[in-house]
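Reading through the structure tokens given below for one structure.
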Amino acid sequence: MDTDQLIRTLAADNAYRARPIGLALMLALLAAAPVSLLIFFAELGVRPDVMTAMHNPFFDLKFAVTLALAASAIAVSLHLSRPEASLRSFGWWLLIPAGILVAAISGEMMMPQRTPMMTRLIGKNSMACMTAIPAMSLPLLIGALYGLRQGAPARPAVAGAVAGLLSAGLAATVYASHCTDDSPLFVATWYTLATAIVASVGALMGKRALRY
Amino acid sequence: MREREDEWTDLMRLAISGDDAAYHRLLKAITPVLRAAARRGLARAGQPVDQSEDIVQDILLAVHLKRQTWDTSAPFAPWLFAIARNKLIDALRRRGKRIFVNIDDFAETLPGETPEPTASPGEVTAQLQALPARQRDVLQSIAVDSASIKDTAAKFSMTEGAVRVALHRGLASLTEKLRDR
């Protein structure tokens, strides 16, 4: 096929309209969410004292951190799906959840505490956190990568890592309602480690899946 | 140059609003620029320039299949050159060359520079043979026999909708095969 023939063929396909990437990503995440929720309700479930926990600002702050991570990673993912985009202009969005976390830690430091710092940091659920967040993230990550395949990222591994951040943010939001460790120190340690694992898996998977 | 790129942006907007002729003109207009840049990239990597047409076709397919990532309020040329650069790097890497591709390779094409294709490109043609029969027939009818969608539908007793689907799927799987080869 010579190039003129190819051009004629492409022009004949001009009527085709692909789904906008935002929509493709949303649909893929909605399809994957039930799998993650199934893992959550089968293995973990919401903590029994959730009603009283809601009055604890540090319980609520966990959701602020994880939702901020999910939201900023979704925005950055959509941005990175364009071929001419880089992390330079929007990458700082990913610092928002870290900023909230730092503010929460300083807030907790200023308050009188019954338990010592290391006890709060190590908590009781570190292993559950480190396994549950990656396990619940995986279906979401696969969904996110599937949706983002509509895009054309310049650096597929970077785009995959950000897809990992967004799935970890969503999974951690659900996990936070199970976990009884509310200290921002616990979140900063174990949630961050779990998120880093998911982001690395995302980078490895994205490197292949998001090439165009 | 500015003028040329503004014209591309206008044509692409028309194409997306459904103007097939504008889309055809746009693809025709960008091809010599892509060809010149692909040749320069190959030459700099010490590769024979007669492979440039395969790269041009690779870029055109990616432009077509990734159109939805172009923001219609932004200029078209930076988007195009980003895709072209990515595909050129890919092609050189596949040939075992790691090389820095200069973005200016694309932006600096002189208006008078309109090289003709040198060698007949083989990669798309080869992958075409590996497609499912229906997709191959439809692609061949439209590309080689320059039949319209309507005529193609009549020839294979398909609906026009089915021809459109086979055409798009054919182009998508062709691209996939080229990427994973």
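Just so we're on the same page: first chain in the structure tokens is A, next is B, and so on; residues restart at 1 for each chain, and ligands are numbered from 1 in the order they show up.
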
Show me, as a VMD selection string, the residues of chain A whose atoms get within 12 Å of chain B, using only C-alpha atoms for the distance check. chain A and resid 1 to 24 78 to 86 148 to 156 208 to 212

Arg120 (chain A): which residues within 9 Å, counting only C-alpha atoms, same-chain residues fewer than 2 positions away excluded, as an MDAnalysis selection string? chainID A and resid 115:118 122:124 181:186

Close residues, Gly160 (chain A) itself excluded, 8 Å, only C-alpha atoms, min 2 positions apart in chain, as a PyMOL selection string: chain A and resi 145+156-158+162-164+199+202-207+210

Return as a tab-separated table (two decimals) with N, CA and C atoms, in the first residue's frame the full set of residues in chain A whose backbone-based DSSP assignment is helix (DSSP H, G or I).
```tsv
chain	number	residue	atom	x	y	z
A	3	THR	N	1.65	5.45	0.14
A	3	THR	CA	1.17	6.41	1.14
A	3	THR	C	-0.11	7.12	0.70
A	4	ASP	N	-0.22	7.39	-0.62
A	4	ASP	CA	-1.46	8.02	-1.10
A	4	ASP	C	-2.67	7.13	-0.84
A	5	GLN	N	-2.45	5.84	-1.05
A	5	GLN	CA	-3.56	4.90	-0.80
A	5	GLN	C	-3.92	4.86	0.68
A	6	LEU	N	-2.88	4.87	1.51
A	6	LEU	CA	-3.15	4.87	2.95
A	6	LEU	C	-3.93	6.12	3.36
A	7	ILE	N	-3.52	7.27	2.80
A	7	ILE	CA	-4.20	8.53	3.14
A	7	ILE	C	-5.66	8.47	2.72
A	8	ARG	N	-5.91	7.91	1.55
A	8	ARG	CA	-7.29	7.80	1.08
A	8	ARG	C	-8.10	6.92	2.05
A	9	THR	N	-7.47	5.84	2.52
A	9	THR	CA	-8.15	4.93	3.43
A	9	THR	C	-8.45	5.61	4.77
A	10	LEU	N	-7.47	6.37	5.28
A	10	LEU	CA	-7.69	7.07	6.55
A	10	LEU	C	-8.80	8.10	6.40
A	11	ALA	N	-8.82	8.81	5.27
A	11	ALA	CA	-9.86	9.82	5.05
A	11	ALA	C	-11.24	9.16	4.99
A	12	ALA	N	-11.29	7.93	4.46
A	12	ALA	CA	-12.57	7.22	4.38
A	12	ALA	C	-13.07	6.85	5.77
A	21	ILE	N	-11.14	10.37	26.25
A	21	ILE	CA	-10.39	9.56	27.20
A	21	ILE	C	-10.96	9.64	28.60
A	22	GLY	N	-11.47	10.82	28.98
A	22	GLY	CA	-12.06	10.96	30.30
A	22	GLY	C	-13.21	9.97	30.50
A	23	LEU	N	-14.03	9.85	29.47
A	23	LEU	CA	-15.17	8.94	29.54
A	23	LEU	C	-14.69	7.49	29.55
A	24	ALA	N	-13.71	7.18	28.69
A	24	ALA	CA	-13.19	5.81	28.62
A	24	ALA	C	-12.61	5.41	29.97
A	25	LEU	N	-11.88	6.34	30.60
A	25	LEU	CA	-11.28	6.04	31.90
A	25	LEU	C	-12.36	5.83	32.96
A	26	MET	N	-13.38	6.69	32.94
A	26	MET	CA	-14.44	6.58	33.94
A	26	MET	C	-15.17	5.24	33.80
A	27	LEU	N	-15.52	4.88	32.57
A	27	LEU	CA	-16.26	3.63	32.36
A	27	LEU	C	-15.42	2.43	32.80
A	28	ALA	N	-14.12	2.47	32.48
A	28	ALA	CA	-13.25	1.35	32.84
A	28	ALA	C	-13.14	1.23	34.36
A	29	LEU	N	-13.06	2.38	35.05
A	29	LEU	CA	-12.96	2.34	36.52
A	29	LEU	C	-14.26	1.85	37.13
A	30	LEU	N	-15.39	2.27	36.54
A	30	LEU	CA	-16.68	1.81	37.06
A	30	LEU	C	-16.83	0.30	36.88
A	31	ALA	N	-16.28	-0.22	35.79
A	31	ALA	CA	-16.36	-1.66	35.55
A	31	ALA	C	-15.48	-2.42	36.54
A	32	ALA	N	-14.35	-1.82	36.93
A	32	ALA	CA	-13.41	-2.51	37.81
A	32	ALA	C	-13.79	-2.37	39.29
A	33	ALA	N	-14.50	-1.30	39.63
A	33	ALA	CA	-14.79	-1.01	41.04
A	33	ALA	C	-15.48	-2.17	41.77
A	34	PRO	N	-16.48	-2.83	41.17
A	34	PRO	CA	-17.14	-3.93	41.91
A	34	PRO	C	-16.16	-5.02	42.35
A	35	VAL	N	-15.14	-5.29	41.54
A	35	VAL	CA	-14.17	-6.33	41.91
A	35	VAL	C	-13.42	-5.91	43.17
A	36	SER	N	-12.99	-4.64	43.20
A	36	SER	CA	-12.27	-4.14	44.37
A	36	SER	C	-13.18	-4.14	45.60
A	37	LEU	N	-14.43	-3.73	45.41
A	37	LEU	CA	-15.36	-3.69	46.54
A	37	LEU	C	-15.65	-5.09	47.06
A	38	LEU	N	-15.70	-6.04	46.14
A	38	LEU	CA	-15.91	-7.44	46.54
A	38	LEU	C	-14.77	-7.91	47.44
A	39	ILE	N	-13.54	-7.60	47.03
A	39	ILE	CA	-12.38	-7.96	47.86
A	39	ILE	C	-12.53	-7.31	49.24
A	40	PHE	N	-12.94	-6.04	49.24
A	40	PHE	CA	-13.06	-5.30	50.51
A	40	PHE	C	-14.10	-5.92	51.43
A	41	PHE	N	-15.29	-6.17	50.90
A	41	PHE	CA	-16.36	-6.66	51.78
A	41	PHE	C	-16.16	-8.12	52.14
A	42	ALA	N	-15.51	-8.89	51.27
A	42	ALA	CA	-15.27	-10.30	51.60
A	42	ALA	C	-14.17	-10.44	52.65
A	43	GLU	N	-13.14	-9.61	52.56
A	43	GLU	CA	-11.96	-9.81	53.42
A	43	GLU	C	-11.91	-8.83	54.60
A	50	VAL	N	-17.50	2.80	63.18
A	50	VAL	CA	-17.34	3.87	62.17
A	50	VAL	C	-18.11	5.14	62.55
A	51	MET	N	-19.26	4.98	63.21
A	51	MET	CA	-20.08	6.15	63.53
A	51	MET	C	-19.38	7.09	64.52
A	52	THR	N	-18.72	6.49	65.52
A	52	THR	CA	-17.98	7.34	66.46
A	52	THR	C	-16.69	7.84	65.82
A	53	ALA	N	-16.08	6.98	64.99
A	53	ALA	CA	-14.81	7.36	64.36
A	53	ALA	C	-14.99	8.63	63.52
A	57	PRO	N	-11.39	13.96	63.79
A	57	PRO	CA	-10.91	14.64	62.57
A	57	PRO	C	-9.80	13.87	61.86
A	58	PHE	N	-9.02	13.08	62.60
A	58	PHE	CA	-7.92	12.36	61.95
A	58	PHE	C	-8.43	11.17	61.15
A	59	PHE	N	-9.59	10.63	61.55
A	59	PHE	CA	-10.23	9.62	60.71
A	59	PHE	C	-10.65	10.26	59.39
A	60	ASP	N	-11.30	11.41	59.47
A	60	ASP	CA	-11.76	12.09	58.26
A	60	ASP	C	-10.59	12.53	57.37
A	61	LEU	N	-9.48	12.90	58.01
A	61	LEU	CA	-8.34	13.37	57.22
A	61	LEU	C	-7.76	12.28	56.32
A	62	LYS	N	-7.91	11.02	56.75
A	62	LYS	CA	-7.42	9.92	55.88
A	62	LYS	C	-8.11	10.00	54.52
A	63	PHE	N	-9.41	10.31	54.56
A	63	PHE	CA	-10.15	10.37	53.29
A	63	PHE	C	-9.74	11.59	52.48
A	64	ALA	N	-9.46	12.68	53.18
A	64	ALA	CA	-9.00	13.88	52.46
A	64	ALA	C	-7.71	13.57	51.70
A	65	VAL	N	-6.80	12.84	52.37
A	65	VAL	CA	-5.52	12.51	51.72
A	65	VAL	C	-5.73	11.58	50.53
A	66	THR	N	-6.48	10.48	50.75
A	66	THR	CA	-6.61	9.48	49.68
A	66	THR	C	-7.43	10.02	48.51
A	67	LEU	N	-8.49	10.79	48.84
A	67	LEU	CA	-9.29	11.35	47.74
A	67	LEU	C	-8.51	12.40	46.96
A	68	ALA	N	-7.69	13.18	47.68
A	68	ALA	CA	-6.86	14.16	46.98
A	68	ALA	C	-5.87	13.46	46.05
A	69	LEU	N	-5.34	12.32	46.52
A	69	LEU	CA	-4.43	11.56	45.67
A	69	LEU	C	-5.16	11.04	44.43
A	70	ALA	N	-6.34	10.45	44.64
A	70	ALA	CA	-7.09	9.91	43.51
A	70	ALA	C	-7.44	11.02	42.52
A	71	ALA	N	-7.95	12.13	43.03
A	71	ALA	CA	-8.41	13.20	42.13
A	71	ALA	C	-7.24	13.81	41.36
A	72	SER	N	-6.14	14.11	42.06
A	72	SER	CA	-5.04	14.74	41.34
A	72	SER	C	-4.42	13.75	40.34
A	73	ALA	N	-4.35	12.46	40.71
A	73	ALA	CA	-3.78	11.48	39.78
A	73	ALA	C	-4.68	11.28	38.56
A	74	ILE	N	-5.99	11.37	38.74
A	74	ILE	CA	-6.89	11.28	37.58
A	74	ILE	C	-6.64	12.46	36.65
A	75	ALA	N	-6.55	13.67	37.22
A	75	ALA	CA	-6.30	14.85	36.39
A	75	ALA	C	-4.96	14.73	35.65
A	76	VAL	N	-3.92	14.29	36.35
A	76	VAL	CA	-2.61	14.17	35.71
A	76	VAL	C	-2.62	13.07	34.65
A	77	SER	N	-3.32	11.97	34.93
A	77	SER	CA	-3.43	10.88	33.95
A	77	SER	C	-4.05	11.37	32.64
A	78	LEU	N	-5.12	12.14	32.77
A	78	LEU	CA	-5.78	12.64	31.56
A	78	LEU	C	-4.87	13.60	30.82
A	79	HIS	N	-4.15	14.41	31.57
A	79	HIS	CA	-3.21	15.33	30.93
A	79	HIS	C	-2.11	14.56	30.20
A	80	LEU	N	-1.56	13.54	30.86
A	80	LEU	CA	-0.44	12.78	30.27
A	80	LEU	C	-0.86	11.93	29.08
A	87	LEU	N	5.10	15.90	32.58
A	87	LEU	CA	4.76	16.11	33.99
A	87	LEU	C	5.04	17.54	34.43
A	88	ARG	N	5.82	18.26	33.62
A	88	ARG	CA	6.31	19.56	34.06
A	88	ARG	C	5.18	20.51	34.46
A	89	SER	N	4.12	20.56	33.64
A	89	SER	CA	3.12	21.59	33.90
A	89	SER	C	2.11	21.19	34.98
A	90	PHE	N	1.80	19.89	35.10
A	90	PHE	CA	0.75	19.48	36.01
A	90	PHE	C	1.23	18.57	37.13
A	91	GLY	N	2.50	18.17	37.07
A	91	GLY	CA	3.01	17.20	38.03
A	91	GLY	C	2.86	17.62	39.48
A	92	TRP	N	2.92	18.94	39.73
A	92	TRP	CA	2.85	19.42	41.12
A	92	TRP	C	1.51	19.11	41.76
A	93	TRP	N	0.48	18.84	40.95
A	93	TRP	CA	-0.82	18.46	41.50
A	93	TRP	C	-0.69	17.27	42.44
A	94	LEU	N	0.27	16.38	42.10
A	94	LEU	CA	0.45	15.17	42.89
A	94	LEU	C	0.99	15.48	44.28
A	95	LEU	N	1.47	16.74	44.47
A	95	LEU	CA	1.99	17.10	45.78
A	95	LEU	C	0.87	17.51	46.74
A	96	ILE	N	-0.34	17.73	46.20
A	96	ILE	CA	-1.45	18.16	47.07
A	96	ILE	C	-1.72	17.16	48.20
A	97	PRO	N	-1.89	15.86	47.90
A	97	PRO	CA	-2.13	14.91	49.01
A	97	PRO	C	-0.97	14.89	50.00
A	98	ALA	N	0.25	15.01	49.50
A	98	ALA	CA	1.40	15.04	50.41
A	98	ALA	C	1.33	16.26	51.32
A	99	GLY	N	0.89	17.39	50.77
A	99	GLY	CA	0.75	18.61	51.55
A	99	GLY	C	-0.27	18.44	52.66
A	100	ILE	N	-1.42	17.84	52.32
A	100	ILE	CA	-2.46	17.61	53.33
A	100	ILE	C	-1.91	16.72	54.45
A	101	LEU	N	-1.14	15.71	54.04
A	101	LEU	CA	-0.58	14.76	55.00
A	101	LEU	C	0.39	15.46	55.96
A	102	VAL	N	1.24	16.31	55.40
A	102	VAL	CA	2.20	17.04	56.23
A	102	VAL	C	1.46	17.94	57.22
A	103	ALA	N	0.41	18.61	56.74
A	103	ALA	CA	-0.38	19.48	57.62
A	103	ALA	C	-1.02	18.65	58.73
A	104	ALA	N	-1.52	17.45	58.37
A	104	ALA	CA	-2.18	16.60	59.37
A	104	ALA	C	-1.17	16.15	60.42
A	105	ILE	N	0.04	15.79	59.98
A	105	ILE	CA	1.07	15.35	60.94
A	105	ILE	C	1.41	16.49	61.90
A	106	SER	N	1.58	17.69	61.36
A	106	SER	CA	1.92	18.80	62.26
A	106	SER	C	0.77	19.08	63.21
A	107	GLY	N	-0.47	18.94	62.70
A	107	GLY	CA	-1.63	19.13	63.58
A	107	GLY	C	-1.62	18.15	64.73
A	108	GLU	N	-1.33	16.88	64.41
A	108	GLU	CA	-1.34	15.86	65.46
A	108	GLU	C	-0.22	16.09	66.47
A	109	MET	N	0.94	16.56	65.96
A	109	MET	CA	2.09	16.83	66.83
A	109	MET	C	1.76	17.88	67.89
A	110	MET	N	0.89	18.83	67.50
A	110	MET	CA	0.60	19.94	68.42
A	110	MET	C	-0.41	19.55	69.49
A	117	MET	N	4.67	8.34	69.92
A	117	MET	CA	4.73	8.53	68.48
A	117	MET	C	4.98	7.23	67.70
A	118	MET	N	5.97	6.44	68.17
A	118	MET	CA	6.30	5.23	67.42
A	118	MET	C	5.15	4.22	67.42
A	119	THR	N	4.40	4.18	68.54
A	119	THR	CA	3.25	3.28	68.60
A	119	THR	C	2.19	3.69	67.57
A	120	ARG	N	1.99	4.98	67.47
A	120	ARG	CA	1.00	5.46	66.49
A	120	ARG	C	1.48	5.19	65.07
A	121	LEU	N	2.78	5.35	64.86
A	121	LEU	CA	3.31	5.15	63.51
A	121	LEU	C	3.21	3.68	63.09
A	122	ILE	N	3.56	2.79	64.03
A	122	ILE	CA	3.56	1.37	63.67
A	122	ILE	C	2.14	0.81	63.64
A	126	SER	N	-0.56	-2.54	59.99
A	126	SER	CA	0.36	-2.21	58.91
A	126	SER	C	0.40	-3.29	57.83
A	127	MET	N	0.37	-4.56	58.24
A	127	MET	CA	0.44	-5.62	57.23
A	127	MET	C	-0.85	-5.69	56.41
A	128	ALA	N	-2.00	-5.51	57.09
A	128	ALA	CA	-3.28	-5.49	56.36
A	128	ALA	C	-3.27	-4.37	55.34
A	129	CYS	N	-2.78	-3.22	55.77
A	129	CYS	CA	-2.72	-2.05	54.89
A	129	CYS	C	-1.86	-2.33	53.66
A	130	MET	N	-0.70	-2.96	53.92
A	130	MET	CA	0.25	-3.21	52.83
A	130	MET	C	-0.23	-4.28	51.86
A	131	THR	N	-1.12	-5.15	52.30
A	131	THR	CA	-1.63	-6.15	51.35
A	131	THR	C	-2.97	-5.71	50.76
A	132	ALA	N	-3.85	-5.12	51.60
A	132	ALA	CA	-5.19	-4.79	51.12
A	132	ALA	C	-5.15	-3.71	50.05
A	133	ILE	N	-4.36	-2.66	50.27
A	133	ILE	CA	-4.37	-1.57	49.28
A	133	ILE	C	-3.88	-2.07	47.91
A	134	PRO	N	-2.73	-2.77	47.84
A	134	PRO	CA	-2.34	-3.28	46.51
A	134	PRO	C	-3.36	-4.25	45.92
A	135	ALA	N	-3.94	-5.14	46.76
A	135	ALA	CA	-4.89	-6.12	46.22
A	135	ALA	C	-6.13	-5.43	45.65
A	136	MET	N	-6.64	-4.43	46.38
A	136	MET	CA	-7.83	-3.73	45.89
A	136	MET	C	-7.48	-2.80	44.74
A	137	SER	N	-6.24	-2.38	44.65
A	137	SER	CA	-5.83	-1.49	43.56
A	137	SER	C	-5.73	-2.21	42.23
A	138	LEU	N	-5.35	-3.47	42.28
A	138	LEU	CA	-5.01	-4.16	41.04
A	138	LEU	C	-6.15	-4.15	40.01
A	139	PRO	N	-7.39	-4.51	40.40
A	139	PRO	CA	-8.46	-4.44	39.40
A	139	PRO	C	-8.64	-3.02	38.85
A	140	LEU	N	-8.53	-2.02	39.74
A	140	LEU	CA	-8.69	-0.63	39.30
A	140	LEU	C	-7.56	-0.22	38.36
A	141	LEU	N	-6.34	-0.70	38.67
A	141	LEU	CA	-5.20	-0.37	37.82
A	141	LEU	C	-5.37	-0.96	36.42
A	142	ILE	N	-5.82	-2.20	36.37
A	142	ILE	CA	-6.03	-2.83	35.06
A	142	ILE	C	-7.10	-2.05	34.29
A	143	GLY	N	-8.17	-1.68	34.99
A	143	GLY	CA	-9.23	-0.89	34.36
A	143	GLY	C	-8.69	0.44	33.87
A	144	ALA	N	-7.93	1.14	34.72
A	144	ALA	CA	-7.41	2.46	34.36
A	144	ALA	C	-6.52	2.35	33.12
A	145	LEU	N	-5.65	1.34	33.09
A	145	LEU	CA	-4.75	1.20	31.94
A	145	LEU	C	-5.55	0.90	30.68
A	146	TYR	N	-6.60	0.10	30.83
A	146	TYR	CA	-7.44	-0.21	29.67
A	146	TYR	C	-8.07	1.07	29.13
A	147	GLY	N	-8.62	1.89	30.02
A	147	GLY	CA	-9.23	3.15	29.59
A	147	GLY	C	-8.22	4.10	28.97
A	148	LEU	N	-7.03	4.15	29.57
A	148	LEU	CA	-6.01	5.10	29.11
A	148	LEU	C	-5.35	4.67	27.80
A	156	PRO	N	5.12	6.11	28.39
A	156	PRO	CA	4.12	5.15	28.89
A	156	PRO	C	4.38	4.69	30.32
A	157	ALA	N	5.65	4.57	30.72
A	157	ALA	CA	5.93	4.10	32.07
A	157	ALA	C	5.49	5.15	33.11
A	158	VAL	N	5.73	6.42	32.80
A	158	VAL	CA	5.31	7.49	33.72
A	158	VAL	C	3.79	7.53	33.80
A	159	ALA	N	3.13	7.44	32.65
A	159	ALA	CA	1.67	7.45	32.64
A	159	ALA	C	1.13	6.25	33.42
A	160	GLY	N	1.81	5.10	33.30
A	160	GLY	CA	1.40	3.91	34.05
A	160	GLY	C	1.56	4.09	35.55
A	161	ALA	N	2.64	4.74	35.96
A	161	ALA	CA	2.86	4.99	37.38
A	161	ALA	C	1.77	5.89	37.94
A	162	VAL	N	1.37	6.91	37.17
A	162	VAL	CA	0.31	7.80	37.64
A	162	VAL	C	-1.02	7.05	37.69
A	163	ALA	N	-1.23	6.14	36.74
A	163	ALA	CA	-2.44	5.29	36.80
A	163	ALA	C	-2.40	4.45	38.08
A	164	GLY	N	-1.20	4.01	38.48
A	164	GLY	CA	-1.04	3.28	39.74
A	164	GLY	C	-1.41	4.16	40.93
A	165	LEU	N	-1.00	5.43	40.90
A	165	LEU	CA	-1.34	6.35	41.99
A	165	LEU	C	-2.85	6.54	42.08
A	166	LEU	N	-3.48	6.64	40.92
A	166	LEU	CA	-4.93	6.89	40.98
A	166	LEU	C	-5.66	5.66	41.50
A	167	SER	N	-5.23	4.46	41.11
A	167	SER	CA	-5.92	3.27	41.64
A	167	SER	C	-5.62	3.08	43.12
A	168	ALA	N	-4.39	3.38	43.53
A	168	ALA	CA	-4.06	3.27	44.96
A	168	ALA	C	-4.87	4.29	45.76
A	169	GLY	N	-5.05	5.49	45.23
A	169	GLY	CA	-5.85	6.51	45.91
A	169	GLY	C	-7.27	6.06	46.13
A	170	LEU	N	-7.87	5.46	45.09
A	170	LEU	CA	-9.25	4.99	45.21
A	170	LEU	C	-9.33	3.81	46.18
A	171	ALA	N	-8.40	2.86	46.03
A	171	ALA	CA	-8.43	1.67	46.90
A	171	ALA	C	-8.20	2.09	48.36
A	172	ALA	N	-7.29	3.03	48.59
A	172	ALA	CA	-6.99	3.45	49.96
A	172	ALA	C	-8.17	4.18	50.58
A	173	THR	N	-8.96	4.87	49.76
A	173	THR	CA	-10.15	5.56	50.27
A	173	THR	C	-11.11	4.54	50.88
A	174	VAL	N	-11.30	3.43	50.19
A	174	VAL	CA	-12.19	2.40	50.71
A	174	VAL	C	-11.54	1.72	51.91
A	175	TYR	N	-10.24	1.41	51.79
A	175	TYR	CA	-9.55	0.72	52.88
A	175	TYR	C	-9.58	1.54	54.17
A	184	PRO	N	-2.01	10.29	61.31
A	184	PRO	CA	-1.39	10.67	60.04
A	184	PRO	C	0.00	10.07	59.88
A	185	LEU	N	0.65	9.76	61.01
A	185	LEU	CA	1.97	9.12	60.91
A	185	LEU	C	1.84	7.72	60.31
A	186	PHE	N	0.79	7.01	60.72
A	186	PHE	CA	0.54	5.68	60.15
A	186	PHE	C	0.25	5.80	58.66
A	187	VAL	N	-0.61	6.75	58.31
A	187	VAL	CA	-0.98	6.95	56.90
A	187	VAL	C	0.27	7.28	56.08
A	188	ALA	N	1.09	8.21	56.61
A	188	ALA	CA	2.27	8.65	55.87
A	188	ALA	C	3.24	7.50	55.65
A	189	THR	N	3.28	6.55	56.57
A	189	THR	CA	4.22	5.43	56.42
A	189	THR	C	3.65	4.32	55.56
A	190	TRP	N	2.54	3.74	56.03
A	190	TRP	CA	2.09	2.49	55.40
A	190	TRP	C	1.28	2.72	54.14
A	191	TYR	N	0.41	3.71	54.16
A	191	TYR	CA	-0.34	4.02	52.93
A	191	TYR	C	0.63	4.41	51.82
A	192	THR	N	1.64	5.18	52.20
A	192	THR	CA	2.60	5.64	51.19
A	192	THR	C	3.38	4.47	50.62
A	193	LEU	N	3.79	3.54	51.49
A	193	LEU	CA	4.51	2.36	50.99
A	193	LEU	C	3.64	1.54	50.05
A	194	ALA	N	2.38	1.32	50.47
A	194	ALA	CA	1.46	0.54	49.63
A	194	ALA	C	1.26	1.24	48.28
A	195	THR	N	1.12	2.57	48.33
A	195	THR	CA	0.92	3.34	47.10
A	195	THR	C	2.15	3.24	46.19
A	196	ALA	N	3.33	3.27	46.80
A	196	ALA	CA	4.55	3.17	46.01
A	196	ALA	C	4.63	1.82	45.29
A	197	ILE	N	4.19	0.76	45.99
A	197	ILE	CA	4.19	-0.56	45.35
A	197	ILE	C	3.28	-0.54	44.12
A	198	VAL	N	2.06	0.00	44.31
A	198	VAL	CA	1.10	0.02	43.19
A	198	VAL	C	1.63	0.89	42.04
A	199	ALA	N	2.25	2.02	42.37
A	199	ALA	CA	2.79	2.89	41.32
A	199	ALA	C	3.88	2.17	40.53
A	200	SER	N	4.72	1.38	41.22
A	200	SER	CA	5.78	0.66	40.49
A	200	SER	C	5.18	-0.39	39.58
A	201	VAL	N	4.17	-1.12	40.09
A	201	VAL	CA	3.50	-2.10	39.23
A	201	VAL	C	2.87	-1.39	38.02
A	202	GLY	N	2.26	-0.22	38.28
A	202	GLY	CA	1.66	0.56	37.20
A	202	GLY	C	2.67	0.97	36.16
A	203	ALA	N	3.87	1.36	36.61
A	203	ALA	CA	4.91	1.77	35.66
A	203	ALA	C	5.31	0.59	34.78
A	204	LEU	N	5.49	-0.58	35.41
A	204	LEU	CA	5.89	-1.77	34.64
A	204	LEU	C	4.81	-2.17	33.64
A	205	MET	N	3.55	-2.16	34.10
A	205	MET	CA	2.46	-2.55	33.20
A	205	MET	C	2.24	-1.50	32.12
A	206	GLY	N	2.30	-0.22	32.53
A	206	GLY	CA	2.04	0.85	31.58
A	206	GLY	C	3.07	0.91	30.47
A	207	LYS	N	4.28	0.55	30.79
A	207	LYS	CA	5.35	0.60	29.80
A	207	LYS	C	4.98	-0.19	28.55
A	208	ARG	N	4.31	-1.31	28.75
A	208	ARG	CA	3.86	-2.10	27.60
A	208	ARG	C	2.46	-1.68	27.14
A	209	ALA	N	1.56	-1.56	28.14
A	209	ALA	CA	0.14	-1.39	27.78
A	209	ALA	C	-0.16	-0.04	27.16
```
